[in-house]
Amino acid sequence: MLEIYRYRDLVFALVARELKVRYRRSAIGFAWTMLQPLLTMLVLQVVFSSLFRFKLEEGTNNYPVYALSGILFWNFFSQSIVSSMNSLKGNSPILRKLPVPKEVFPLATVISGVINLVLALLPLFLILLVTHHPMGPSLLFLPVSILLAALFTLGAGLLLSPLAVFFSDVVELVGVLLSILMYLTPIFYPMEILKNSRYRPLVRFNPVRSILEVFRDPIFRGKVPPLSHLSVSLGIAVAALLLGIYAFRRSSDRIPFYI
Amino acid sequence: MAKPSIRLEGISLCYRLAKQRVPSLKEYAIHFLRGSLSYEKLWALRDIDLTIERGETLGIIGRNGAGKSTLLKVISRVLKPTLGTARIDGRIAPILELGSGFDYELTGLENIYLNALLLGHTKREIDAKVDEIVDFSGLGDFIRSPLRNYSSGMQARLGFSIATAWVPDILILDEVLSVGDATFTSRCEQRIGSFHSSGATVLIVSHATLAITKNCTRCIWLDDGEMKADGDALDVVNRYLREHGTEPGEHAGGRLPSAS
């Protein structure tokens with residue numbers, strides 16, 4: 001970990017490079033980060049509120065905000081994992097020749113994912129305004145939620161990125177698993193619709209859901225997540241990170257041989 | 001003298017999957033179920049013992065695939081040896097092959113930052129040295145142009161200028177001296193000489209045996225992963241040339257010394 005600190009300027013440079021590549025390519029690059037979740041939300045709005053009607057939750061029925069907060073979180077999580085897996089491979093000439101701490105690549109990927117997420121909050125706030133959703137001081141809790149999501153995602157990225165080096169089909173496999181996981185996470189449907197479903201426990205005990213609700217509570221429900229939920233989520237995030245660091249450390253020495 | 005700069009004891013390195021790699025999890029599972037997981041072992045280094053004192057300039061020669069680059073990667077801590085212990089003391093500046101860690105879409109200037117960061121320097125350290133690096137590379141206005149427009153010689157010049165901007169404890173040069181033009185090569189040699197006098201350890205791999213005899217006092221000869229000779233640079237180079245001297249392409253860029 002100390003070594004990473006010594007290489008902090010490198011991490012920032014890698015983040016800057018990643019953002020530059022993303023936003024330089026087209027003038028719409030920047031706008032696209034904001035438009036894409038909005039468009040997805042519109043589609044979901046049409047599908048879910050006019051085809052299958054359901055009631056969201058007691059108190060508030062603002063589906064666009066519910067769905068958009070879920071989508072932003074999911075985009076961050078899934079895109080960061082996929083890019084972490086590609087980050088080692090993409091830097092193979094460096095890893096084969098220079099003694100760089102390899103963690104810097106997944107780390108830089110997740111950090112740039114966080115920056116994209118923060119930028120994508122702008123259209124979310126716009127929707128909050130447009131739909132007259134109550135905006136309270138609970139929004140100030142969002143940085144903590146994002147930090148928790150980042151730790152969790154970094155853990156998953158560290159766990160999976162060496163595997164993508166050792167086996168070339170892992171990226172595709174994880175892609176499939178992510179799409180299953182997406183349906184097991186209440187991103188665009190409320191927990192209520194699972195009331196009588198046998199899949200309910202799967203969704204309820206899905207750790208990603210825990211992390212998602214910590215992000216959604218301050219936005220959608222206008223409250224700081226209850227302490228019990230928060231501590232469980234913190235536990236999940238820290239456990240994921242420790243597992244990721246452990247797995248990465250163990251396979252780190254073998255990476256240059258396979259890349 | 002103080003404790004040695006590099007001490008390798010019984011270093012062996014095996015590329016286990018170098019030949020038959022199982023590229024996908026699916027195939028791995030199939031092979032595993034059939035019990036047909038077999039690995040072809042390729043020993044790139046076999047039982048190498050080597051002690052290099054602080055301030056020594058060591059040449060490494062050998063045919064292609066003899067294990068020279070692998071040895072340098074062990075010393076620069078890129079590859080962990082399968083067996084044996086490697087004790088390396090001090091900061092290393094590795095220039096392994098051309099343009100390690102260069103991004104061809106970035107300009108030369110941006111690459112100075114990226115490359116030096118990869119070598120473990122902080123931004124502040126680079127800010128202080130960047131003018132000197134540009135100056136030494138002699139690239140002039142090209143420094144603002146993307147790296148894809150550079151010739152291989154220009155890339156080597158930039159790489160050398162970056163890695164040697166800070167006096168390292170150990171400088172590793174893998175086939176770098178043979179790429180630049182004559183003027184630049186002599187400037188490189190001057191700089192290596194100044195490192196040498198300030199107590200840095202320098203390791204040079206080159207097929208240009210002249211570069212070895214000119215810069216090194218000691219030379220090792222690797223053959224098929226084993227240490228075939230270790231001694232006075234001129235002696236080892238001459239023995240090497242006697243055995244391989246007639247092979248074409250093995251001493252590209254170097255003129256044969258008239259000795260032997």
# chains A, B, ... in the order shown; residues from 1 in each chain; ligands from 1

call {"tool": "interface_residues", "arguments": {"of": "chain B", "to": "chain A", "cutoff": "8 Å", "atoms": "only C-alpha atoms", "output": "ChimeraX atom specification"}}
result
/B:15,22-26,73,76-80,94,96,100-101,114,117-123

call {"tool": "select_by_dssp", "arguments": {"residues": "region 107-250 of chain B", "states": "strand (DSSP E or B)", "output": "PyMOL selection string"}}
result
chain B and resi 107+146+170-174+201-205+218-223+226-232

call {"tool": "residues_around", "arguments": {"residues": "Leu230 (chain A)", "least_positions_apart": "6", "cutoff": "10 Å", "atoms": "only C-alpha atoms", "output": "list in words"}}
result
Ser145, Leu148, Ser210, Ile211, Glu213, Val214, Val224 and Ile236 of chain A

call {"tool": "residues_around", "arguments": {"residues": "Gly159 (chain B)", "least_positions_apart": "3", "cutoff": "9 Å", "atoms": "only C-alpha atoms", "output": "ChimeraX atom specification"}}
result
/B:95,98-100,102,112,115,137,154-156,162-164,176

call {"tool": "residues_around", "arguments": {"residues": "Ile81 (chain A)", "least_positions_apart": "3", "cutoff": "7 Å", "atoms": "only C-alpha atoms", "output": "list of chain:residue names"}}
result
A:Phe77, A:Ser78, A:Ser84, A:Met85, A:Thr153, A:Ala156, A:Gly157

call {"tool": "write_last_selection", "arguments": {"atoms": "C-alpha atoms", "output": "mmCIF file, in the first residue's frame"}}
result
data_model
loop_
_atom_site.group_PDB
_atom_site.id
_atom_site.type_symbol
_atom_site.label_atom_id
_atom_site.label_comp_id
_atom_site.auth_asym_id
_atom_site.auth_seq_id
_atom_site.Cartn_x
_atom_site.Cartn_y
_atom_site.Cartn_z
ATOM 1 C CA PHE A 77 -20.145 -0.735 -11.061
ATOM 2 C CA SER A 78 -20.299 -2.795 -14.245
ATOM 3 C CA SER A 84 -10.421 -3.055 -14.636
ATOM 4 C CA MET A 85 -10.256 -6.434 -16.312
ATOM 5 C CA THR A 153 -16.039 -2.014 -6.897
ATOM 6 C CA ALA A 156 -14.268 -6.745 -7.281
ATOM 7 C CA GLY A 157 -11.937 -5.266 -9.908
#

call {"tool": "closest_residue", "arguments": {"among": "A:Phe73, A:Tyr183, A:Phe30, A:Phe205", "to": "Leu142 (chain A)", "atoms": "only C-alpha atoms"}}
result
A:Phe73

call {"tool": "residues_around", "arguments": {"residues": "Pro207 (chain A)", "least_positions_apart": "4", "cutoff": "12 Å", "atoms": "only C-alpha atoms", "output": "VMD selection string"}}
result
chain A and resid 149 152 to 153 156 181 to 182 184 to 186 201 to 203 211 to 214 229 232 to 240

call {"tool": "select_by_dssp", "arguments": {"residues": "region 2-194 of chain A", "states": "alpha helix (DSSP H)", "output": "number ranges by chain"}}
result
A: 2-6, 8-24, 28-46, 63-90, 92-97, 104-130, 142-166, 170-183

call {"tool": "closest_residue", "arguments": {"among": "A:Val171, A:Ile187, A:Ala120, A:Ile180", "to": "Ala31 (chain A)", "atoms": "only C-alpha atoms"}}
result
A:Ala120

call {"tool": "residues_around", "arguments": {"residues": "Leu241 (chain A)", "least_positions_apart": "5", "cutoff": "7 Å", "atoms": "only C-alpha atoms", "output": "compact mmCIF listing (two decimals) with C-alpha atoms, in the first residue's frame"}}
result
# COMPACT_ATOMS: atom_id res chain seq x y z
CA LEU A 151 -14.26 0.49 -2.33
CA PHE A 152 -16.62 -2.36 -3.15
CA LEU A 154 -12.28 -1.76 -6.47
CA GLY A 155 -12.36 -5.00 -4.50

call {"tool": "atom_distance", "arguments": {"atom1": "CA of Met41 (chain A)", "atom2": "CA of Met191 (chain A)"}}
result
18.0 Å

call {"tool": "atom_distance", "arguments": {"atom1": "CA of Val82 (chain A)", "atom2": "CA of Ala16 (chain A)"}}
result
18.6 Å
